[in-house]
file final-v8.txt (compact mmCIF, C-alpha atoms and all ligand atoms)
# COMPACT_ATOMS: atom_id res chain seq x y z
CA MET A 1 3.88 -0.44 13.18
CA ARG A 2 6.95 -2.48 12.35
CA PHE A 3 7.56 -3.49 8.71
CA ASP A 4 10.07 -6.25 8.00
CA VAL A 5 10.80 -6.52 4.29
CA VAL A 6 12.43 -9.60 2.78
CA THR A 7 14.10 -8.46 -0.44
CA LEU A 8 17.13 -8.92 -2.67
CA PHE A 9 17.21 -5.12 -3.05
CA PRO A 10 17.00 -3.66 0.47
CA GLN A 11 18.29 -0.26 -0.64
CA MET A 12 15.28 0.13 -2.92
CA ILE A 13 13.01 -0.10 0.12
CA VAL A 14 15.12 1.92 2.54
CA GLU A 15 15.90 4.71 0.10
CA ALA A 16 12.36 5.18 -1.21
CA SER A 17 10.92 5.23 2.32
CA ARG A 18 13.11 8.15 3.39
CA TYR A 19 10.89 10.73 1.70
CA GLY A 20 7.76 12.61 2.74
CA VAL A 21 5.19 11.10 5.05
CA THR A 22 6.90 7.70 5.43
CA GLY A 23 10.30 9.30 6.05
CA ARG A 24 8.89 11.50 8.79
CA ALA A 25 7.00 8.60 10.42
CA LEU A 26 10.19 6.53 10.47
CA GLU A 27 12.21 9.40 11.95
CA ARG A 28 9.63 9.91 14.68
CA GLY A 29 9.45 6.19 15.48
CA GLN A 30 5.76 5.97 14.48
CA ALA A 31 6.80 3.25 12.03
CA GLU A 32 9.85 0.98 11.99
CA LEU A 33 11.44 -0.56 8.91
CA VAL A 34 13.88 -3.48 8.86
CA THR A 35 15.10 -5.28 5.73
CA TRP A 36 16.27 -8.87 5.34
CA ASN A 37 18.24 -9.99 2.30
CA PRO A 38 17.83 -13.70 1.43
CA ARG A 39 21.34 -13.55 -0.04
CA ASP A 40 22.68 -13.13 3.50
CA PHE A 41 21.07 -16.45 4.39
CA THR A 42 22.69 -18.55 1.65
CA ARG A 43 25.33 -21.14 2.50
CA ASP A 44 27.12 -21.67 -0.83
CA ARG A 45 30.18 -19.85 -2.10
CA HIS A 46 28.22 -18.06 -4.84
CA ARG A 47 25.42 -16.96 -2.48
CA THR A 48 22.84 -18.41 -4.87
CA VAL A 49 19.26 -17.19 -4.46
CA ASP A 50 17.72 -18.48 -7.71
CA ASP A 51 17.76 -21.57 -9.88
CA ARG A 52 16.26 -22.97 -13.10
CA PRO A 53 12.62 -24.06 -13.01
CA TYR A 54 11.82 -27.77 -12.82
CA GLY A 55 9.95 -28.69 -15.99
CA GLY A 56 11.92 -26.16 -18.01
CA GLY A 57 10.88 -22.83 -19.44
CA PRO A 58 12.29 -19.31 -19.43
CA GLY A 59 13.48 -17.39 -16.40
CA MET A 60 14.59 -18.36 -12.96
CA VAL A 61 12.82 -19.22 -9.72
CA MET A 62 13.73 -17.95 -6.25
CA LYS A 63 15.00 -20.80 -4.10
CA ALA A 64 12.98 -21.67 -1.02
CA GLU A 65 15.73 -22.10 1.60
CA PRO A 66 17.33 -18.61 1.66
CA LEU A 67 13.86 -17.03 1.65
CA ARG A 68 12.68 -19.31 4.42
CA ALA A 69 15.71 -18.51 6.57
CA ALA A 70 15.24 -14.76 6.00
CA ILE A 71 11.51 -14.89 6.84
CA ARG A 72 12.17 -16.90 10.01
CA ALA A 73 14.92 -14.51 11.12
CA ALA A 74 12.52 -11.60 10.60
CA ARG A 75 9.80 -13.39 12.55
CA GLU A 76 12.11 -14.06 15.49
CA ALA A 77 13.56 -10.55 15.60
CA ASP A 78 10.48 -9.24 17.41
CA ALA A 79 8.25 -10.91 20.01
CA ARG A 80 5.02 -9.60 18.48
CA PRO A 81 3.30 -11.99 16.09
CA ALA A 82 3.41 -11.04 12.40
CA ARG A 83 1.46 -12.05 9.33
CA VAL A 84 3.76 -12.91 6.42
CA VAL A 85 2.53 -11.17 3.29
CA TYR A 86 3.79 -12.14 -0.17
CA LEU A 87 3.42 -9.55 -2.94
CA SER A 88 2.55 -11.11 -6.30
CA PRO A 89 0.22 -10.57 -9.25
CA GLN A 90 -1.59 -13.78 -8.18
CA GLY A 91 -2.65 -12.26 -4.88
CA ARG A 92 -5.89 -10.64 -3.77
CA LYS A 93 -6.16 -7.14 -5.14
CA LEU A 94 -5.21 -4.45 -2.60
CA ASP A 95 -7.79 -1.81 -1.73
CA GLN A 96 -8.26 0.82 0.96
CA ALA A 97 -10.24 -1.57 3.18
CA ALA A 98 -7.29 -4.00 3.20
CA VAL A 99 -4.86 -1.16 3.91
CA GLU A 100 -7.00 -0.08 6.88
CA THR A 101 -6.95 -3.63 8.24
CA PHE A 102 -3.16 -3.75 7.88
CA SER A 103 -2.81 -0.43 9.70
CA ARG A 104 -4.38 -1.93 12.83
CA ARG A 105 -1.67 -4.61 13.07
CA ALA A 106 1.45 -4.30 15.24
CA ARG A 107 3.76 -5.58 12.52
CA MET A 108 3.92 -7.11 9.03
CA ILE A 109 6.53 -9.14 7.21
CA LEU A 110 6.45 -8.24 3.50
CA VAL A 111 8.09 -10.65 1.07
CA ALA A 112 9.15 -9.25 -2.31
CA GLY A 113 9.84 -11.78 -5.05
CA ARG A 114 12.04 -11.39 -8.12
CA TYR A 115 12.50 -13.43 -11.31
CA GLU A 116 9.54 -15.56 -12.43
CA GLY A 117 8.43 -16.16 -8.84
CA VAL A 118 9.32 -18.14 -5.76
CA ASP A 119 9.33 -21.90 -5.17
CA GLU A 120 5.68 -22.77 -4.45
CA ARG A 121 6.64 -24.81 -1.38
CA LEU A 122 7.89 -21.62 0.25
CA VAL A 123 4.49 -20.02 -0.38
CA GLU A 124 2.74 -23.04 1.14
CA SER A 125 4.89 -23.23 4.26
CA GLU A 126 5.74 -19.62 5.16
CA ILE A 127 3.21 -17.26 3.58
CA ASP A 128 -0.01 -16.27 5.37
CA GLU A 129 -1.45 -13.95 2.72
CA GLU A 130 -0.79 -13.08 -0.92
CA TRP A 131 -1.65 -9.58 -2.20
CA SER A 132 -1.41 -7.89 -5.61
CA ILE A 133 -1.31 -4.12 -6.17
CA GLY A 134 -3.07 -4.41 -9.53
CA ASP A 135 -3.52 -6.42 -12.71
CA TYR A 136 -0.11 -5.80 -14.28
CA VAL A 137 3.27 -7.43 -13.82
CA LEU A 138 6.18 -5.71 -12.08
CA SER A 139 9.70 -7.06 -12.30
CA GLY A 140 9.74 -7.55 -8.56
CA GLY A 141 7.65 -7.18 -5.43
CA GLU A 142 9.66 -4.23 -4.02
CA LEU A 143 7.48 -1.50 -5.54
CA ALA A 144 4.40 -3.36 -4.31
CA ALA A 145 5.89 -3.61 -0.79
CA LEU A 146 6.59 0.13 -0.92
CA VAL A 147 2.98 0.76 -1.93
CA VAL A 148 1.79 -1.17 1.13
CA ILE A 149 4.26 0.62 3.44
CA ASP A 150 3.20 4.04 2.14
CA ALA A 151 -0.55 3.43 2.18
CA VAL A 152 -0.44 1.88 5.69
CA THR A 153 1.95 4.37 7.28
CA ARG A 154 -0.14 7.42 6.41
CA LEU A 155 -3.05 5.84 8.34
CA LEU A 156 -1.07 5.30 11.56
CA PRO A 157 -2.14 7.48 14.49
CA GLY A 158 -0.41 10.87 14.52
CA VAL A 159 1.36 10.45 11.18
CA LEU A 160 -0.58 12.94 9.06
CA HIS A 161 -0.64 16.58 10.15
CA HIS A 162 -4.36 16.72 9.57
CA GLU A 163 -6.06 13.58 10.84
CA GLU A 164 -9.04 14.76 8.82
CA SER A 165 -7.21 14.48 5.52
CA ALA A 166 -6.82 10.70 5.82
CA ARG A 167 -10.54 10.39 6.52
CA GLN A 168 -11.53 12.51 3.53
CA ASP A 169 -9.27 10.84 0.97
CA SER A 170 -10.46 9.14 -2.18
CA HIS A 171 -11.80 5.66 -1.46
CA VAL A 172 -12.24 6.23 2.25
CA ALA A 173 -16.00 6.63 2.04
CA GLY A 174 -16.10 4.39 -1.03
CA LEU A 175 -16.00 7.49 -3.26
CA LEU A 176 -13.35 9.23 -5.32
CA ASP A 177 -12.13 12.54 -3.94
CA HIS A 178 -13.55 15.94 -4.94
CA PRO A 179 -11.35 18.44 -6.87
CA HIS A 180 -8.92 20.65 -4.91
CA TYR A 181 -7.88 24.26 -5.54
CA THR A 182 -5.36 26.67 -4.04
CA ARG A 183 -4.24 30.22 -4.87
CA PRO A 184 -4.45 32.09 -7.19
CA GLU A 185 -8.20 32.49 -7.68
CA GLU A 186 -7.78 32.58 -11.47
CA ILE A 187 -5.34 30.90 -13.85
CA ASP A 188 -5.68 31.62 -17.60
CA GLY A 189 -9.34 32.43 -17.16
CA ARG A 190 -10.10 29.34 -15.06
CA ARG A 191 -11.66 30.46 -11.82
CA VAL A 192 -11.90 28.59 -8.53
CA PRO A 193 -15.57 27.52 -8.11
CA GLN A 194 -17.38 30.37 -6.36
CA VAL A 195 -18.80 28.23 -3.56
CA LEU A 196 -15.29 27.51 -2.25
CA LEU A 197 -14.77 31.23 -1.69
CA SER A 198 -18.16 31.73 -0.01
CA GLY A 199 -17.18 30.75 3.54
CA ASP A 200 -20.43 28.73 3.76
CA HIS A 201 -19.10 25.46 5.19
CA GLN A 202 -22.34 23.58 4.71
CA ALA A 203 -22.56 24.64 1.05
CA ILE A 204 -18.90 23.71 0.52
CA ALA A 205 -19.41 20.26 2.05
CA ARG A 206 -22.47 19.70 -0.16
CA TRP A 207 -20.63 20.83 -3.31
CA ARG A 208 -17.67 18.56 -2.51
CA LEU A 209 -19.89 15.56 -1.91
CA LYS A 210 -21.72 16.17 -5.22
CA GLN A 211 -18.40 16.47 -7.06
CA ALA A 212 -17.18 13.25 -5.46
CA LEU A 213 -20.38 11.45 -6.42
CA GLY A 214 -20.27 12.82 -9.99
CA ARG A 215 -16.65 11.84 -10.51
CA THR A 216 -17.22 8.40 -9.08
CA TRP A 217 -20.26 7.94 -11.33
CA LEU A 218 -18.29 9.02 -14.43
CA ARG A 219 -14.96 7.35 -13.70
CA ARG A 220 -15.67 4.42 -11.42
CA PRO A 221 -19.30 3.34 -11.64
CA ASP A 222 -18.23 0.01 -10.15
CA LEU A 223 -17.61 1.79 -6.82
CA LEU A 224 -21.06 3.37 -6.79
CA ALA A 225 -22.75 0.02 -7.08
CA ARG A 226 -21.36 -0.89 -3.64
CA LEU A 227 -21.82 2.52 -2.04
CA GLU A 228 -23.76 3.21 1.11
CA LEU A 229 -23.77 6.85 2.17
CA ASP A 230 -23.51 7.54 5.89
CA GLU A 231 -26.21 9.59 7.61
CA THR A 232 -24.23 12.87 7.57
CA ARG A 233 -23.73 12.66 3.82
CA ARG A 234 -27.29 11.58 3.15
CA GLN A 235 -28.61 14.62 5.04
CA LEU A 236 -26.23 16.93 3.23
CA LEU A 237 -27.71 15.89 -0.11
CA GLU A 238 -31.28 16.39 1.08
CA GLU A 239 -30.77 20.02 2.06
N1 LIG A 301 5.06 -8.50 -8.18
C1 LIG A 301 5.03 -8.41 -9.52
N2 LIG A 301 3.89 -7.85 -9.95
C2 LIG A 301 3.17 -7.55 -8.84
C3 LIG A 301 1.89 -6.96 -8.62
N3 LIG A 301 1.11 -6.56 -9.63
N4 LIG A 301 1.47 -6.83 -7.35
C4 LIG A 301 2.22 -7.25 -6.32
N5 LIG A 301 3.43 -7.82 -6.46
C5 LIG A 301 3.90 -7.97 -7.71

call {"tool": "encode", "arguments": {"input": "final-v8.txt", "output": "structure tokens", "more": "lines below"}}
Ligand code: ADE
result
Amino acid sequence: MRFDVVTLFPQMIVEASRYGVTGRALERGQAELVTWNPRDFTRDRHRTVDDRPYGGGPGMVMKAEPLRAAIRAAREADARPARVVYLSPQGRKLDQAAVETFSRRARMILVAGRYEGVDERLVESEIDEEWSIGDYVLSGGELAALVVIDAVTRLLPGVLHHEESARQDSHVAGLLDHPHYTRPEEIDGRRVPQVLLSGDHQAIARWRLKQALGRTWLRRPDLLARLELDETRRQLLEE
């Protein structure tokens, strides 16, 4: 997977991606990351990337031309076709199903805005999709782009040590995850649930599924409304 990120703060993206799972995937060449700064595509002496909004009002708007030039340069830097994704609170809300779709693509161009937003004509002419990471406002799209990069990269083939762990995550089967425990067996009187020490894999799987269902019911009933259990899980509950 190749990520091209159009941003006024490339170091934010590069630096944050150096850690953990994304850092390792980049080192191994399982993912590629290239940044494009619209400021490098300006033509005036002051390298202007923003301007006052037509119609007045507070804040500034990102100018269309430097962004357009940066997006086009990113597009042309690789022969494979790329969807251009703009991160904004007006976009469709990101979920695991969207992340899985992204992970099957060869490349993505992620556009991070700053200020009050970008000139709408840029959105109309260059952007294929608009996505939000949640109903709150960030001061720029960089953290949202990093969220996409992280969530997608960990799904790429060979990236996680345990392929299983990506399949068992929260949200993957439409459920929240079950609780996890590691040593010691007791902390301040709180013991690890006995079933996890039993060695009975079937019983453990059933307990975990029940925990996941219970948590989802208590914390995210909206997810349960849409849930369809697969055959393996259905059988587990019947035993
Ligand atoms: N930019 C600012 N806020 C955002 C959000 N919630 N999601 C994606 N991009 C954003």

call {"tool": "atom_distance", "arguments": {"input": "final-v8.txt", "atom1": "CA of Gly140 (chain A)", "atom2": "CA of Gly117 (chain A)"}}
result
8.7 Å

call {"tool": "closest_residue", "arguments": {"input": "final-v8.txt", "among": "A:Asp135, A:Glu231, A:Glu186, A:Asp150", "to": "ligand LIG 301 (chain A)", "atoms": "only C-alpha atoms and all ligand atoms"}}
result
A:Asp135

call {"tool": "closest_residue", "arguments": {"input": "final-v8.txt", "among": "A:Pro81, A:Asp200, A:Gly91, A:Ile71", "to": "Glu126 (chain A)", "atoms": "only C-alpha atoms"}}
result
A:Ile71

call {"tool": "atom_distance", "arguments": {"input": "final-v8.txt", "atom1": "CA of Arg83 (chain A)", "atom2": "CA of Glu116 (chain A)"}}
result
23.5 Å

call {"tool": "atom_distance", "arguments": {"input": "final-v8.txt", "atom1": "CA of Arg154 (chain A)", "atom2": "CA of Leu229 (chain A)"}}
result
24.0 Å

call {"tool": "closest_residue", "arguments": {"input": "final-v8.txt", "among": "A:Ala106, A:Leu94, A:Ala151, A:Leu143", "to": "Ile13 (chain A)", "atoms": "all atoms listed in the file"}}
result
A:Leu143

call {"tool": "residues_near_ligand", "arguments": {"input": "final-v8.txt", "ligand": "ligand LIG 301 (chain A)", "cutoff": "6 Å", "atoms": "only C-alpha atoms and all ligand atoms", "output": "JSON, numbers by chain"}}
result
{"A": [87, 88, 89, 132, 133, 134, 135, 136, 137, 138, 139, 140, 141, 144]}

call {"tool": "residues_around", "arguments": {"input": "final-v8.txt", "residues": "region 97-104 of chain A", "least_positions_apart": "3", "cutoff": "10 Å", "atoms": "all atoms listed in the file", "output": "NGL selection string"}}
result
:A and (1 or 83 or 92-94 or 107-108 or 131 or 147-157 or 171-172 or 174)

call {"tool": "closest_residue", "arguments": {"input": "final-v8.txt", "among": "A:Asp169, A:Ala145, A:Arg215, A:Val85", "to": "Asp128 (chain A)", "atoms": "only C-alpha atoms"}}
result
A:Val85

call {"tool": "axis_aligned_box", "arguments": {"input": "final-v8.txt", "around": "region 177-195 of chain A", "padding_each_side": "8 Å", "output": "JSON"}}
result
{"center_x": -11.5, "center_y": 22.6, "center_z": -10.6, "size_x": 30.6, "size_y": 36.0, "size_z": 30.0}

call {"tool": "closest_residue", "arguments": {"input": "final-v8.txt", "among": "A:Gly199, A:Pro66, A:Pro58, A:Gly29", "to": "Asp44 (chain A)", "atoms": "only C-alpha atoms"}}
result
A:Pro66

call {"tool": "closest_residue", "arguments": {"input": "final-v8.txt", "among": "A:Met62, A:Val159, A:Ala77, A:Ala69", "to": "Arg24 (chain A)", "atoms": "only C-alpha atoms"}}
result
A:Val159

call {"tool": "residues_around", "arguments": {"input": "final-v8.txt", "residues": "Asp4 (chain A)", "least_positions_apart": "4", "cutoff": "10 Å", "atoms": "all atoms listed in the file", "output": "short mmCIF file (atom, residue, chain, number, x, y, z; two decimals) with C-alpha atoms, in the frame of the given file"}}
result
data_model
loop_
_atom_site.label_atom_id
_atom_site.label_comp_id
_atom_site.auth_asym_id
_atom_site.auth_seq_id
_atom_site.Cartn_x
_atom_site.Cartn_y
_atom_site.Cartn_z
CA GLU A 32 9.85 0.98 11.99
CA LEU A 33 11.44 -0.56 8.91
CA VAL A 34 13.88 -3.48 8.86
CA THR A 35 15.10 -5.28 5.73
CA TRP A 36 16.27 -8.87 5.34
CA ILE A 71 11.51 -14.89 6.84
CA ALA A 74 12.52 -11.60 10.60
CA ARG A 75 9.80 -13.39 12.55
CA ALA A 77 13.56 -10.55 15.60
CA ASP A 78 10.48 -9.24 17.41
CA ALA A 82 3.41 -11.04 12.40
CA VAL A 84 3.76 -12.91 6.42
CA ARG A 107 3.76 -5.58 12.52
CA MET A 108 3.92 -7.11 9.03
CA ILE A 109 6.53 -9.14 7.21
CA LEU A 110 6.45 -8.24 3.50
CA VAL A 111 8.09 -10.65 1.07
#

call {"tool": "build_atoms", "arguments": {"input": "final-v8.txt", "residues": "region 116-143 of chain A", "atoms": "N, CA and C atoms", "output": "PDB file, in the frame of the given file"}}
result
ATOM      1  N   GLU A 116      10.881 -15.113 -12.027  1.00  0.00           N
ATOM      2  CA  GLU A 116       9.540 -15.560 -12.430  1.00  0.00           C
ATOM      3  C   GLU A 116       8.641 -15.819 -11.225  1.00  0.00           C
ATOM      4  N   GLY A 117       9.232 -15.892 -10.039  1.00  0.00           N
ATOM      5  CA  GLY A 117       8.430 -16.160  -8.840  1.00  0.00           C
ATOM      6  C   GLY A 117       9.245 -16.915  -7.821  1.00  0.00           C
ATOM      7  N   VAL A 118       8.598 -17.394  -6.785  1.00  0.00           N
ATOM      8  CA  VAL A 118       9.320 -18.140  -5.760  1.00  0.00           C
ATOM      9  C   VAL A 118       8.832 -19.589  -5.760  1.00  0.00           C
ATOM     10  N   ASP A 119       9.678 -20.478  -5.275  1.00  0.00           N
ATOM     11  CA  ASP A 119       9.330 -21.900  -5.170  1.00  0.00           C
ATOM     12  C   ASP A 119       7.998 -22.027  -4.408  1.00  0.00           C
ATOM     13  N   GLU A 120       7.032 -22.707  -5.008  1.00  0.00           N
ATOM     14  CA  GLU A 120       5.680 -22.770  -4.450  1.00  0.00           C
ATOM     15  C   GLU A 120       5.660 -23.356  -3.035  1.00  0.00           C
ATOM     16  N   ARG A 121       6.636 -24.209  -2.718  1.00  0.00           N
ATOM     17  CA  ARG A 121       6.640 -24.810  -1.380  1.00  0.00           C
ATOM     18  C   ARG A 121       6.912 -23.763  -0.304  1.00  0.00           C
ATOM     19  N   LEU A 122       7.645 -22.734  -0.683  1.00  0.00           N
ATOM     20  CA  LEU A 122       7.890 -21.620   0.250  1.00  0.00           C
ATOM     21  C   LEU A 122       6.559 -20.896   0.532  1.00  0.00           C
ATOM     22  N   VAL A 123       5.790 -20.679  -0.535  1.00  0.00           N
ATOM     23  CA  VAL A 123       4.490 -20.020  -0.380  1.00  0.00           C
ATOM     24  C   VAL A 123       3.604 -20.857   0.546  1.00  0.00           C
ATOM     25  N   GLU A 124       3.595 -22.165   0.328  1.00  0.00           N
ATOM     26  CA  GLU A 124       2.740 -23.040   1.140  1.00  0.00           C
ATOM     27  C   GLU A 124       3.148 -23.050   2.611  1.00  0.00           C
ATOM     28  N   SER A 125       4.461 -23.028   2.867  1.00  0.00           N
ATOM     29  CA  SER A 125       4.890 -23.230   4.260  1.00  0.00           C
ATOM     30  C   SER A 125       5.066 -21.942   5.051  1.00  0.00           C
ATOM     31  N   GLU A 126       5.379 -20.826   4.390  1.00  0.00           N
ATOM     32  CA  GLU A 126       5.740 -19.620   5.160  1.00  0.00           C
ATOM     33  C   GLU A 126       4.800 -18.432   4.974  1.00  0.00           C
ATOM     34  N   ILE A 127       4.000 -18.452   3.911  1.00  0.00           N
ATOM     35  CA  ILE A 127       3.210 -17.260   3.580  1.00  0.00           C
ATOM     36  C   ILE A 127       1.793 -17.360   4.134  1.00  0.00           C
ATOM     37  N   ASP A 128       1.348 -16.291   4.818  1.00  0.00           N
ATOM     38  CA  ASP A 128      -0.010 -16.270   5.370  1.00  0.00           C
ATOM     39  C   ASP A 128      -1.009 -15.665   4.390  1.00  0.00           C
ATOM     40  N   GLU A 129      -0.547 -14.649   3.638  1.00  0.00           N
ATOM     41  CA  GLU A 129      -1.450 -13.950   2.720  1.00  0.00           C
ATOM     42  C   GLU A 129      -0.702 -13.534   1.477  1.00  0.00           C
ATOM     43  N   GLU A 130      -1.407 -13.524   0.332  1.00  0.00           N
ATOM     44  CA  GLU A 130      -0.790 -13.080  -0.920  1.00  0.00           C
ATOM     45  C   GLU A 130      -1.609 -11.919  -1.465  1.00  0.00           C
ATOM     46  N   TRP A 131      -0.940 -10.778  -1.718  1.00  0.00           N
ATOM     47  CA  TRP A 131      -1.650  -9.580  -2.200  1.00  0.00           C
ATOM     48  C   TRP A 131      -1.005  -9.045  -3.462  1.00  0.00           C
ATOM     49  N   SER A 132      -1.846  -8.530  -4.363  1.00  0.00           N
ATOM     50  CA  SER A 132      -1.410  -7.890  -5.610  1.00  0.00           C
ATOM     51  C   SER A 132      -1.753  -6.404  -5.528  1.00  0.00           C
ATOM     52  N   ILE A 133      -0.936  -5.539  -6.149  1.00  0.00           N
ATOM     53  CA  ILE A 133      -1.310  -4.120  -6.170  1.00  0.00           C
ATOM     54  C   ILE A 133      -2.036  -3.747  -7.466  1.00  0.00           C
ATOM     55  N   GLY A 134      -2.304  -4.715  -8.325  1.00  0.00           N
ATOM     56  CA  GLY A 134      -3.070  -4.410  -9.530  1.00  0.00           C
ATOM     57  C   GLY A 134      -2.790  -5.444 -10.620  1.00  0.00           C
ATOM     58  N   ASP A 135      -3.628  -5.414 -11.656  1.00  0.00           N
ATOM     59  CA  ASP A 135      -3.520  -6.420 -12.710  1.00  0.00           C
ATOM     60  C   ASP A 135      -2.499  -6.031 -13.772  1.00  0.00           C
ATOM     61  N   TYR A 136      -1.244  -6.039 -13.377  1.00  0.00           N
ATOM     62  CA  TYR A 136      -0.110  -5.800 -14.280  1.00  0.00           C
ATOM     63  C   TYR A 136       1.084  -6.459 -13.609  1.00  0.00           C
ATOM     64  N   VAL A 137       2.143  -6.687 -14.375  1.00  0.00           N
ATOM     65  CA  VAL A 137       3.270  -7.430 -13.820  1.00  0.00           C
ATOM     66  C   VAL A 137       4.479  -6.522 -13.627  1.00  0.00           C
ATOM     67  N   LEU A 138       4.952  -6.447 -12.401  1.00  0.00           N
ATOM     68  CA  LEU A 138       6.180  -5.710 -12.080  1.00  0.00           C
ATOM     69  C   LEU A 138       7.346  -6.689 -12.158  1.00  0.00           C
ATOM     70  N   SER A 139       8.560  -6.141 -12.238  1.00  0.00           N
ATOM     71  CA  SER A 139       9.700  -7.060 -12.300  1.00  0.00           C
ATOM     72  C   SER A 139      10.153  -7.510 -10.915  1.00  0.00           C
ATOM     73  N   GLY A 140       9.448  -7.085  -9.905  1.00  0.00           N
ATOM     74  CA  GLY A 140       9.740  -7.550  -8.560  1.00  0.00           C
ATOM     75  C   GLY A 140       8.714  -7.012  -7.593  1.00  0.00           C
ATOM     76  N   GLY A 141       8.669  -7.582  -6.405  1.00  0.00           N
ATOM     77  CA  GLY A 141       7.650  -7.180  -5.430  1.00  0.00           C
ATOM     78  C   GLY A 141       8.012  -5.930  -4.631  1.00  0.00           C
ATOM     79  N   GLU A 142       9.218  -5.373  -4.847  1.00  0.00           N
ATOM     80  CA  GLU A 142       9.660  -4.230  -4.020  1.00  0.00           C
ATOM     81  C   GLU A 142       8.727  -3.026  -4.147  1.00  0.00           C
ATOM     82  N   LEU A 143       8.366  -2.668  -5.382  1.00  0.00           N
ATOM     83  CA  LEU A 143       7.480  -1.500  -5.540  1.00  0.00           C
ATOM     84  C   LEU A 143       6.129  -1.767  -4.890  1.00  0.00           C
TER      85      LEU A 143
END
